[in-house]
Each structure stands twice: as structure tokens, then as C-alpha cells.
Amino acid sequence: MQNLAFIIWNFDPELYSGSPVIRWYGLLFALGFLISQQILFYIFKTEAGTDLEKRKQAEKLVENLTVYMILATVLGARLGHVLFYQPQDYFTSFEGVLRIFNIREGGLASHGATIGIIFGVWLFTHYRFNPKEGKLAKLFFLKANKGYSFLQILDRLVIVVAVTGALIRLGNFANSEIIGKPTGSDYGVVFAREVTDYLVFDPTGAGWVESVAYRKNTDTVNNAAGHVPIYIYLQFKQRRFNEAQLRSYLDNGVNTKLARLKRHIDEPVLHYLDYDLVQGSDGVYMARIATFAIPRHPAQLYESFTTLLLFVLTFYLWQRKKKATVPGTIFATFTIILFTLRFFHEFIKENQVPFEDQMALNMGQWLSIPMVIMGIIVLVVVTRKAKAQGTGS
């Protein structure tokens, strides 16, 4: 039976490769904050009613909150990744410590972002900065009342956190990162971008390959491991290479490269490549390699979709009673559902760092457990408090 259900994903993560480089991930990350801010404008202005002064105050509140949340999210996510996943890479030398906030190195953890956001909201709702006083003692941590409690701000903020989270996971998909485990079925995604980059890369800087393309091989069935047949098309550069040189490169270079890409390509070591080499009318050579690829769960899309559904749910919970909503219930509901989903999503995701391979549960799952417990505690406490005060539903 031929396998035609899988998708070959060879998406270029760079939207613009000039200077500076613009990546789809960064664009989607920023878009998440922009959309979130507009939703927050709607929420707080709706609760302000028709009073123009209150609506202006609500707009100012959202603008200030956005600054806090951008800083809290990025710093928390970065510190979370460093502390939870790669502490040995950053805290074993002074140079490593200096690299902690180098975002270009990559590495952001959603659990760290959650902690950062909670701390940022606490700071936002209780204190303010005061740069106009002129005295160091009065610059920071002056008591302030924003008109909303800590839990009320969290209730409204998690609604848009779900939107941003959904877009960030789309960015992970664009980057072909946080990939799922092999599906073992006829459905899945072949993440080919790493294959493309590795085949094009040449440490000498000269390079043999101009471009890489893929197509499903409908003439062959899945192999014994259940991996799917594909064609890899290599277009070589217009250089001095002749046919003999290119065949030597395919037999002694490309085959080795493919054998090393075990996460994506099922090509045995020391195995003769099955390929055809042809020369076009323009003199450019192209090779068509027949091999097998490993389809995987698009775990990023699963998380993006479920997080989007969580946005719909939390927005609905707010819409029902708006400011009369029992403080903390939306935040608690969001936390319980999000990290329960995260716990189970991890079962179909590849581990992010090698040390997780030795763990019964991976780091994402261990970090999700206390988040769920926290959500349950908050929900129980605020619900009991509301009932005692006669404000519960």
C-alpha cells in the first residue's frame, strides 16, 4: 500500500535573510503581543463602560501592562530555559554567564515564561516606577493601585497568553523545532529542513549543492520500519565538477550525510545510494536520490490548536460575567488545562536535551505538575472564598 498521506515540510525559517535577519518565529512572536494587546484593549475598555475618562485609563493600563508582559515573558522564558534545560552550559564559566541573555542563541521555556508573567503581574499590580521624583529612594517599588487585583489581572492576561502561545507554537513549526516522535502510521510530517541545511552546508565555503527539493516516491512502498519513500533532488552548482566527480561525491559524501540524519532519514551507513544523475541542457547536473524518510507527529500544531481552543474557552468565561467574574477562576482554569495538556503532549514529543532520555518523565512534564497543582489550589481557595462571601455562582 502506497503512503501518500504524509507531508514533507521543507519550510525556510527565514522570512528575510539580509541584515538584520528576520525569521518567521520572531514575526509570529511579535504578532502574538500585538494581537494580545488589541484583545486586552477590548476587554478593559468594555469593563470601563461608556465613560471616556475610564476608557482612557483602561487604555493606559493596557499599554503599561504590555511593556511589563513583554519583558517578563522574554526574560522569564530565557531564564527558564537556562535554569531548567542547560544550566551546565551557562553556569560553569564567567563567559557562560554573560551569554545567558543572548536571545540569538535560542532557547525559551514556556514554564519560565509562566513564572515570569506571574511575577511581572504581581509587580505591576502592587508597585509603580517613579522616574520623576529625582531621588533614588523613590524611584522604584512605590505602592500603587491599578484598580484591578493581582488575580483579576491574571484572569484577563491568560486569555491573551493563549493567543500568543498558539502563534509561538506556529513559529516552532516554521523553525522545524520541538518536533514530535515518529508516528508509526501513514500520517505525519517529514521535517526536511535540517536535511536541506546539512546537504547544502560545506565547511570549506565552496559548496557543491545549489538547492534541495523533495517529492513523495509513489513507485515504492514503505520499508520494513514503516518509513515512507521519498525522492531528494539535488541541484549542483555550476562549477568545474564533472560527472565522475559528482558521482564520487554522491557515493562518498552524500550517503554519509544522509546516514547521519537519523532523526529524519532512514539511510543505512555504508549503503550505496539509489540515485540517478542527469545533466540538463544548461549544463547543470541534478541528482534524484531514492531513500526513506521518518514521518513524525507535528506536535507544534497539536499544541497550537489546543491552545487556541483554550483561548476560546477563557474568553467565553470572561464574557459571561466580565468584571463580576470571581477573581482567580479564569487563571486557575487556564493553568490547570494548559499544563495538563502540556503533560500529555510531551508523550508524543522528542526530548529537548539529552539528559531527559534518562528520566521517567521529561523536564516539561515535571515542570507541568506543580503548575497544575498551583491551579487547583487557586481554584479551590477562590471558589471557597467566593461562596463564603456569597459572590459565587
# chains A, B, ... in the order shown; residues from 1 in each chain; ligands from 1
call {"tool": "closest_atom_pairs", "arguments": {"of": "stretch 34-139 of chain A", "to": "stretch 322-338 of chain A", "cutoff": "12 Å", "atoms": "only C-alpha atoms", "output": "CSV"}}
result
residue,atom,partner,partner_atom,distance
A:Tyr42,CA,A:Lys322,CA,11.6
A:Ile43,CA,A:Lys322,CA,8.3
A:Phe44,CA,A:Lys323,CA,9.2
A:Lys45,CA,A:Lys322,CA,11.2
A:Thr46,CA,A:Lys322,CA,8.6
A:Glu47,CA,A:Lys323,CA,6.4
A:Ala48,CA,A:Lys323,CA,9.5
A:Gly49,CA,A:Lys323,CA,11.0
A:Ser110,CA,A:Leu338,CA,10.9
A:His111,CA,A:Leu338,CA,10.9
A:Thr114,CA,A:Thr335,CA,9.4
A:Ile115,CA,A:Thr335,CA,11.6
A:Ile117,CA,A:Phe331,CA,11.9
A:Ile118,CA,A:Phe331,CA,10.4
call {"tool": "write_last_selection", "arguments": {"atoms": "C-alpha atoms", "output": "PDB file, in the first residue's frame"}}
result
ATOM      1  CA  TYR A  42     -11.257  45.432  24.132  1.00  0.00           C
ATOM      2  CA  ILE A  43     -11.537  43.644  27.491  1.00  0.00           C
ATOM      3  CA  PHE A  44     -10.549  46.570  29.717  1.00  0.00           C
ATOM      4  CA  LYS A  45     -12.455  49.185  27.692  1.00  0.00           C
ATOM      5  CA  THR A  46     -15.567  47.007  27.799  1.00  0.00           C
ATOM      6  CA  GLU A  47     -15.295  46.833  31.564  1.00  0.00           C
ATOM      7  CA  ALA A  48     -14.726  50.588  31.743  1.00  0.00           C
ATOM      8  CA  GLY A  49     -18.120  51.174  30.150  1.00  0.00           C
ATOM      9  CA  SER A 110       7.208  28.260  28.425  1.00  0.00           C
ATOM     10  CA  HIS A 111       7.337  27.277  32.104  1.00  0.00           C
ATOM     11  CA  THR A 114       4.734  31.492  33.098  1.00  0.00           C
ATOM     12  CA  ILE A 115       6.748  32.209  36.232  1.00  0.00           C
ATOM     13  CA  ILE A 117       4.462  36.574  33.826  1.00  0.00           C
ATOM     14  CA  ILE A 118       3.104  35.815  37.310  1.00  0.00           C
TER      15      ILE A 118
END
call {"tool": "residues_around", "arguments": {"residues": "stretch 279-290 of chain A", "least_positions_apart": "4", "cutoff": "12 Å", "atoms": "only C-alpha atoms", "output": "PyMOL selection string"}}
result
chain A and resi 208-221+228-247+249-251+254-255+258+265-267+272-275
call {"tool": "closest_atom_pairs", "arguments": {"of": "stretch 141-199 of chain A", "to": "stretch 370-391 of chain A", "cutoff": "12 Å", "atoms": "only C-alpha atoms", "output": "JSON lines"}}
result
{"residue": "A:Leu151", "atom": "CA", "partner": "A:Val378", "partner_atom": "CA", "distance": 9.6}
{"residue": "A:Gln152", "atom": "CA", "partner": "A:Val382", "partner_atom": "CA", "distance": 11.5}
{"residue": "A:Leu154", "atom": "CA", "partner": "A:Val378", "partner_atom": "CA", "distance": 11.9}
{"residue": "A:Asp155", "atom": "CA", "partner": "A:Leu379", "partner_atom": "CA", "distance": 11.7}
call {"tool": "write_last_selection", "arguments": {"atoms": "N, CA and C atoms", "output": "short mmCIF file (atom, residue, chain, number, x, y, z; two decimals), in the first residue's frame"}}
result
data_model
loop_
_atom_site.label_atom_id
_atom_site.label_comp_id
_atom_site.auth_asym_id
_atom_site.auth_seq_id
_atom_site.Cartn_x
_atom_site.Cartn_y
_atom_site.Cartn_z
N LEU A 151 -5.09 38.86 40.98
CA LEU A 151 -5.78 37.75 40.32
C LEU A 151 -6.67 38.23 39.18
N GLN A 152 -7.25 39.41 39.30
CA GLN A 152 -8.08 39.94 38.21
C GLN A 152 -7.24 40.21 36.97
N LEU A 154 -4.42 38.69 36.21
CA LEU A 154 -4.04 37.37 35.70
C LEU A 154 -5.19 36.74 34.92
N ASP A 155 -6.41 36.88 35.42
CA ASP A 155 -7.58 36.32 34.73
C ASP A 155 -7.68 36.84 33.31
#
call {"tool": "select_by_dssp", "arguments": {"residues": "stretch 127-202 of chain A", "states": "strand (DSSP E)", "output": "PyMOL selection string"}}
result
chain A and resi 127-128+142-143+189-191
call {"tool": "write_last_selection", "arguments": {"atoms": "C-alpha atoms", "output": "mmCIF file, in the first residue's frame"}}
result
data_model
loop_
_atom_site.group_PDB
_atom_site.id
_atom_site.type_symbol
_atom_site.label_atom_id
_atom_site.label_comp_id
_atom_site.auth_asym_id
_atom_site.auth_seq_id
_atom_site.Cartn_x
_atom_site.Cartn_y
_atom_site.Cartn_z
ATOM 1 C CA TYR A 127 4.021 48.838 42.644
ATOM 2 C CA ARG A 128 4.976 51.504 40.147
ATOM 3 C CA LEU A 142 6.241 52.735 45.282
ATOM 4 C CA LYS A 143 2.850 51.350 46.231
ATOM 5 C CA VAL A 189 5.217 15.278 8.797
ATOM 6 C CA VAL A 190 8.675 14.694 7.379
ATOM 7 C CA PHE A 191 10.720 17.579 8.800
#
call {"tool": "select_by_dssp", "arguments": {"residues": "stretch 131-303 of chain A", "states": "alpha helix (DSSP H)", "output": "JSON, numbers by chain"}}
result
{"A": [150, 151, 152, 153, 154, 155, 156, 157, 158, 159, 160, 161, 162, 163, 164, 165, 166, 167, 168, 169, 170, 171, 172, 173, 174, 193, 194, 195, 196, 197, 198, 199, 200, 243, 244, 245, 246, 247, 248, 249, 255, 256, 257, 258, 259, 260, 299, 300, 301, 302, 303]}
call {"tool": "write_last_selection", "arguments": {"atoms": "N, CA and C atoms", "output": "short mmCIF file (atom, residue, chain, number, x, y, z; two decimals), in the first residue's frame"}}
result
data_model
loop_
_atom_site.label_atom_id
_atom_site.label_comp_id
_atom_site.auth_asym_id
_atom_site.auth_seq_id
_atom_site.Cartn_x
_atom_site.Cartn_y
_atom_site.Cartn_z
N PHE A 150 -4.40 41.54 41.76
CA PHE A 150 -3.42 40.64 41.14
C PHE A 150 -4.11 39.52 40.36
N LEU A 151 -5.09 38.86 40.98
CA LEU A 151 -5.78 37.75 40.32
C LEU A 151 -6.67 38.23 39.18
N GLN A 152 -7.25 39.41 39.30
CA GLN A 152 -8.08 39.94 38.21
C GLN A 152 -7.24 40.21 36.97
N ILE A 153 -6.06 40.76 37.16
CA ILE A 153 -5.17 40.99 36.01
C ILE A 153 -4.77 39.66 35.39
N LEU A 154 -4.42 38.69 36.21
CA LEU A 154 -4.04 37.37 35.70
C LEU A 154 -5.19 36.74 34.92
N ASP A 155 -6.41 36.88 35.42
CA ASP A 155 -7.58 36.32 34.73
C ASP A 155 -7.68 36.84 33.31
N ARG A 156 -7.45 38.13 33.13
CA ARG A 156 -7.58 38.72 31.80
C ARG A 156 -6.36 38.46 30.94
N LEU A 157 -5.22 38.39 31.60
CA LEU A 157 -3.99 38.20 30.84
C LEU A 157 -3.87 36.81 30.24
N VAL A 158 -4.31 35.78 30.96
CA VAL A 158 -4.16 34.42 30.44
C VAL A 158 -4.99 34.21 29.17
N ILE A 159 -6.02 35.02 29.00
CA ILE A 159 -6.82 34.92 27.76
C ILE A 159 -5.93 35.18 26.56
N VAL A 160 -5.11 36.22 26.65
CA VAL A 160 -4.26 36.56 25.50
C VAL A 160 -2.96 35.77 25.50
N VAL A 161 -2.55 35.27 26.66
CA VAL A 161 -1.38 34.37 26.69
C VAL A 161 -1.65 33.16 25.81
N ALA A 162 -2.91 32.70 25.80
CA ALA A 162 -3.27 31.56 24.96
C ALA A 162 -3.08 31.90 23.48
N VAL A 163 -3.44 33.12 23.09
CA VAL A 163 -3.27 33.55 21.70
C VAL A 163 -1.79 33.58 21.33
N THR A 164 -1.00 34.22 22.17
CA THR A 164 0.44 34.31 21.91
C THR A 164 1.08 32.93 21.88
N GLY A 165 0.66 32.05 22.80
CA GLY A 165 1.20 30.70 22.83
C GLY A 165 0.91 29.93 21.56
N ALA A 166 -0.31 30.11 21.03
CA ALA A 166 -0.67 29.43 19.78
C ALA A 166 0.22 29.89 18.63
N LEU A 167 0.49 31.20 18.56
CA LEU A 167 1.33 31.74 17.49
C LEU A 167 2.80 31.34 17.66
N ILE A 168 3.25 31.27 18.91
CA ILE A 168 4.63 30.84 19.15
C ILE A 168 4.84 29.40 18.71
N ARG A 169 3.85 28.54 18.96
CA ARG A 169 3.98 27.16 18.50
C ARG A 169 3.97 27.08 16.97
N LEU A 170 3.25 27.98 16.31
CA LEU A 170 3.34 28.04 14.84
C LEU A 170 4.75 28.44 14.43
N GLY A 171 5.36 29.34 15.21
CA GLY A 171 6.75 29.71 14.95
C GLY A 171 7.69 28.55 15.13
N ASN A 172 7.44 27.71 16.14
CA ASN A 172 8.25 26.49 16.32
C ASN A 172 8.10 25.57 15.11
N PHE A 173 6.89 25.49 14.56
CA PHE A 173 6.67 24.66 13.37
C PHE A 173 7.43 25.24 12.19
N ALA A 174 7.43 26.57 12.05
CA ALA A 174 8.18 27.21 10.97
C ALA A 174 9.67 26.93 11.10
N ARG A 193 13.83 20.24 6.83
CA ARG A 193 14.68 21.44 6.80
C ARG A 193 16.10 21.15 7.28
N GLU A 194 16.23 20.36 8.33
CA GLU A 194 17.56 20.00 8.83
C GLU A 194 18.34 19.23 7.76
N VAL A 195 17.64 18.40 7.00
CA VAL A 195 18.27 17.66 5.91
C VAL A 195 18.77 18.63 4.86
N THR A 196 17.94 19.58 4.49
CA THR A 196 18.32 20.58 3.49
C THR A 196 19.56 21.35 3.92
N ASP A 197 19.52 21.87 5.13
CA ASP A 197 20.65 22.68 5.62
C ASP A 197 21.95 21.88 5.66
N TYR A 198 21.85 20.61 6.04
CA TYR A 198 23.04 19.78 6.16
C TYR A 198 23.61 19.43 4.78
N LEU A 199 22.73 19.18 3.83
CA LEU A 199 23.20 18.84 2.49
C LEU A 199 23.81 20.04 1.77
N VAL A 200 23.29 21.22 2.03
CA VAL A 200 23.80 22.44 1.38
C VAL A 200 25.09 22.90 2.05
N GLU A 243 30.96 14.72 -14.25
CA GLU A 243 30.09 13.64 -13.81
C GLU A 243 30.81 12.68 -12.86
N ALA A 244 32.05 12.37 -13.15
CA ALA A 244 32.79 11.45 -12.30
C ALA A 244 32.98 12.01 -10.89
N GLN A 245 33.28 13.29 -10.81
CA GLN A 245 33.46 13.92 -9.51
C GLN A 245 32.15 13.93 -8.70
N LEU A 246 31.07 14.21 -9.41
CA LEU A 246 29.78 14.26 -8.73
C LEU A 246 29.35 12.88 -8.25
N ARG A 247 29.61 11.87 -9.04
CA ARG A 247 29.26 10.50 -8.61
C ARG A 247 30.10 10.09 -7.41
N SER A 248 31.35 10.49 -7.39
CA SER A 248 32.20 10.20 -6.24
C SER A 248 31.68 10.92 -4.99
N TYR A 249 31.23 12.16 -5.18
CA TYR A 249 30.69 12.93 -4.06
C TYR A 249 29.40 12.30 -3.55
N ASN A 255 25.97 10.10 0.82
CA ASN A 255 25.45 8.92 1.53
C ASN A 255 25.80 8.98 3.02
N THR A 256 27.00 9.47 3.35
CA THR A 256 27.40 9.60 4.74
C THR A 256 26.57 10.65 5.46
N LYS A 257 26.30 11.76 4.77
CA LYS A 257 25.49 12.81 5.37
C LYS A 257 24.09 12.31 5.69
N LEU A 258 23.49 11.60 4.74
CA LEU A 258 22.12 11.10 4.95
C LEU A 258 22.08 10.09 6.09
N ALA A 259 23.13 9.27 6.18
CA ALA A 259 23.17 8.26 7.25
C ALA A 259 23.26 8.90 8.63
N ARG A 260 23.80 10.11 8.69
CA ARG A 260 23.92 10.80 9.98
C ARG A 260 22.61 11.47 10.40
N ALA A 299 3.85 17.96 16.56
CA ALA A 299 3.47 18.29 17.94
C ALA A 299 3.23 19.78 18.13
N GLN A 300 3.97 20.60 17.37
CA GLN A 300 3.79 22.04 17.48
C GLN A 300 2.37 22.45 17.08
N LEU A 301 1.84 21.81 16.03
CA LEU A 301 0.50 22.14 15.57
C LEU A 301 -0.56 21.64 16.54
N TYR A 302 -0.32 20.49 17.15
CA TYR A 302 -1.25 19.99 18.17
C TYR A 302 -1.36 21.01 19.30
N GLU A 303 -0.21 21.48 19.78
CA GLU A 303 -0.21 22.43 20.89
C GLU A 303 -0.82 23.77 20.47
#
call {"tool": "closest_atom_pairs", "arguments": {"of": "stretch 159-241 of chain A", "to": "stretch 339-347 of chain A", "cutoff": "10 Å", "atoms": "only C-alpha atoms", "output": "Markdown table"}}
result
| residue | atom | partner | partner_atom | distance |
| --- | --- | --- | --- | --- |
| A:Ile178 | CA | A:Glu346 | CA | 10.0 |
| A:Gly180 | CA | A:Glu346 | CA | 8.6 |
| A:Lys181 | CA | A:Phe347 | CA | 8.5 |
call {"tool": "write_last_selection", "arguments": {"atoms": "N, CA and C atoms", "output": "short mmCIF file (atom, residue, chain, number, x, y, z; two decimals), in the first residue's frame"}}
result
data_model
loop_
_atom_site.label_atom_id
_atom_site.label_comp_id
_atom_site.auth_asym_id
_atom_site.auth_seq_id
_atom_site.Cartn_x
_atom_site.Cartn_y
_atom_site.Cartn_z
N ILE A 178 11.09 21.47 18.18
CA ILE A 178 10.14 20.83 19.10
C ILE A 178 9.29 19.82 18.32
N GLY A 180 7.71 16.17 16.95
CA GLY A 180 7.10 15.02 17.60
C GLY A 180 7.87 13.74 17.33
N LYS A 181 7.48 12.71 18.00
CA LYS A 181 8.07 11.39 17.79
C LYS A 181 7.54 10.78 16.51
#
call {"tool": "residues_around", "arguments": {"residues": "A:Tyr16", "least_positions_apart": "4", "cutoff": "12 Å", "atoms": "only C-alpha atoms", "output": "list in words"}}
result
Asp12, Pro20, Val21, Ile22, Arg23, Trp24, Tyr25, Gly26 and Leu27 of chain A
call {"tool": "decode", "arguments": {"residues": "stretch 261-292 of chain A", "atoms": "N, CA and C atoms", "output": "short mmCIF file (atom, residue, chain, number, x, y, z; two decimals), in the first residue's frame"}}
result
data_model
loop_
_atom_site.label_atom_id
_atom_site.label_comp_id
_atom_site.auth_asym_id
_atom_site.auth_seq_id
_atom_site.Cartn_x
_atom_site.Cartn_y
_atom_site.Cartn_z
N LEU A 261 21.71 11.67 9.46
CA LEU A 261 20.45 12.36 9.75
C LEU A 261 19.40 11.36 10.20
N LYS A 262 19.70 10.65 11.27
CA LYS A 262 18.87 9.52 11.70
C LYS A 262 17.49 9.96 12.21
N ARG A 263 17.36 11.21 12.61
CA ARG A 263 16.06 11.66 13.10
C ARG A 263 15.06 11.84 11.96
N HIS A 264 15.58 11.97 10.73
CA HIS A 264 14.69 12.31 9.62
C HIS A 264 14.78 11.36 8.43
N ILE A 265 15.96 10.77 8.22
CA ILE A 265 16.18 9.93 7.04
C ILE A 265 16.61 8.54 7.48
N ASP A 266 16.02 7.53 6.88
CA ASP A 266 16.38 6.14 7.15
C ASP A 266 17.26 5.65 6.00
N GLU A 267 18.54 5.95 6.10
CA GLU A 267 19.52 5.55 5.10
C GLU A 267 20.66 4.83 5.80
N PRO A 268 20.83 3.53 5.58
CA PRO A 268 21.85 2.76 6.31
C PRO A 268 23.26 3.29 6.07
N VAL A 269 24.11 3.15 7.07
CA VAL A 269 25.51 3.52 6.94
C VAL A 269 26.19 2.57 5.95
N LEU A 270 27.15 3.09 5.20
CA LEU A 270 27.90 2.31 4.22
C LEU A 270 26.97 1.61 3.23
N HIS A 271 25.95 2.35 2.83
CA HIS A 271 24.97 1.80 1.89
C HIS A 271 25.07 2.57 0.59
N TYR A 272 25.04 1.84 -0.53
CA TYR A 272 25.10 2.51 -1.82
C TYR A 272 23.82 3.28 -2.06
N LEU A 273 23.96 4.56 -2.39
CA LEU A 273 22.78 5.37 -2.66
C LEU A 273 22.09 4.90 -3.93
N ASP A 274 20.77 4.96 -3.91
CA ASP A 274 19.97 4.69 -5.10
C ASP A 274 19.67 6.04 -5.73
N TYR A 275 20.44 6.37 -6.78
CA TYR A 275 20.25 7.70 -7.38
C TYR A 275 20.43 7.66 -8.89
N ASP A 276 19.89 8.70 -9.51
CA ASP A 276 20.10 8.96 -10.94
C ASP A 276 20.74 10.33 -11.06
N LEU A 277 21.74 10.44 -11.93
CA LEU A 277 22.42 11.71 -12.16
C LEU A 277 22.24 12.12 -13.61
N VAL A 278 21.68 13.28 -13.83
CA VAL A 278 21.44 13.75 -15.21
C VAL A 278 21.97 15.16 -15.35
N GLN A 279 22.29 15.50 -16.60
CA GLN A 279 22.78 16.84 -16.91
C GLN A 279 21.74 17.55 -17.77
N GLY A 280 21.34 18.75 -17.34
CA GLY A 280 20.35 19.50 -18.07
C GLY A 280 20.94 20.17 -19.30
N SER A 281 20.06 20.76 -20.09
CA SER A 281 20.50 21.44 -21.31
C SER A 281 21.38 22.65 -21.01
N ASP A 282 21.27 23.18 -19.81
CA ASP A 282 22.10 24.31 -19.41
C ASP A 282 23.43 23.88 -18.82
N GLY A 283 23.68 22.56 -18.81
CA GLY A 283 24.94 22.04 -18.31
C GLY A 283 24.95 21.76 -16.82
N VAL A 284 23.86 22.08 -16.12
CA VAL A 284 23.79 21.87 -14.68
C VAL A 284 23.37 20.43 -14.39
N TYR A 285 24.06 19.81 -13.44
CA TYR A 285 23.75 18.44 -13.06
C TYR A 285 22.71 18.42 -11.94
N MET A 286 21.86 17.39 -11.98
CA MET A 286 20.89 17.18 -10.92
C MET A 286 20.85 15.70 -10.59
N ALA A 287 20.80 15.41 -9.28
CA ALA A 287 20.69 14.02 -8.83
C ALA A 287 19.33 13.80 -8.18
N ARG A 288 18.73 12.67 -8.48
CA ARG A 288 17.50 12.26 -7.81
C ARG A 288 17.81 11.03 -6.96
N ILE A 289 17.70 11.21 -5.64
CA ILE A 289 18.05 10.15 -4.70
C ILE A 289 16.78 9.52 -4.15
N ALA A 290 16.71 8.21 -4.23
CA ALA A 290 15.57 7.49 -3.65
C ALA A 290 15.97 7.00 -2.26
N THR A 291 15.20 7.40 -1.26
CA THR A 291 15.51 7.00 0.12
C THR A 291 14.21 6.93 0.91
N PHE A 292 14.34 6.78 2.22
CA PHE A 292 13.15 6.69 3.09
C PHE A 292 13.24 7.76 4.18
#
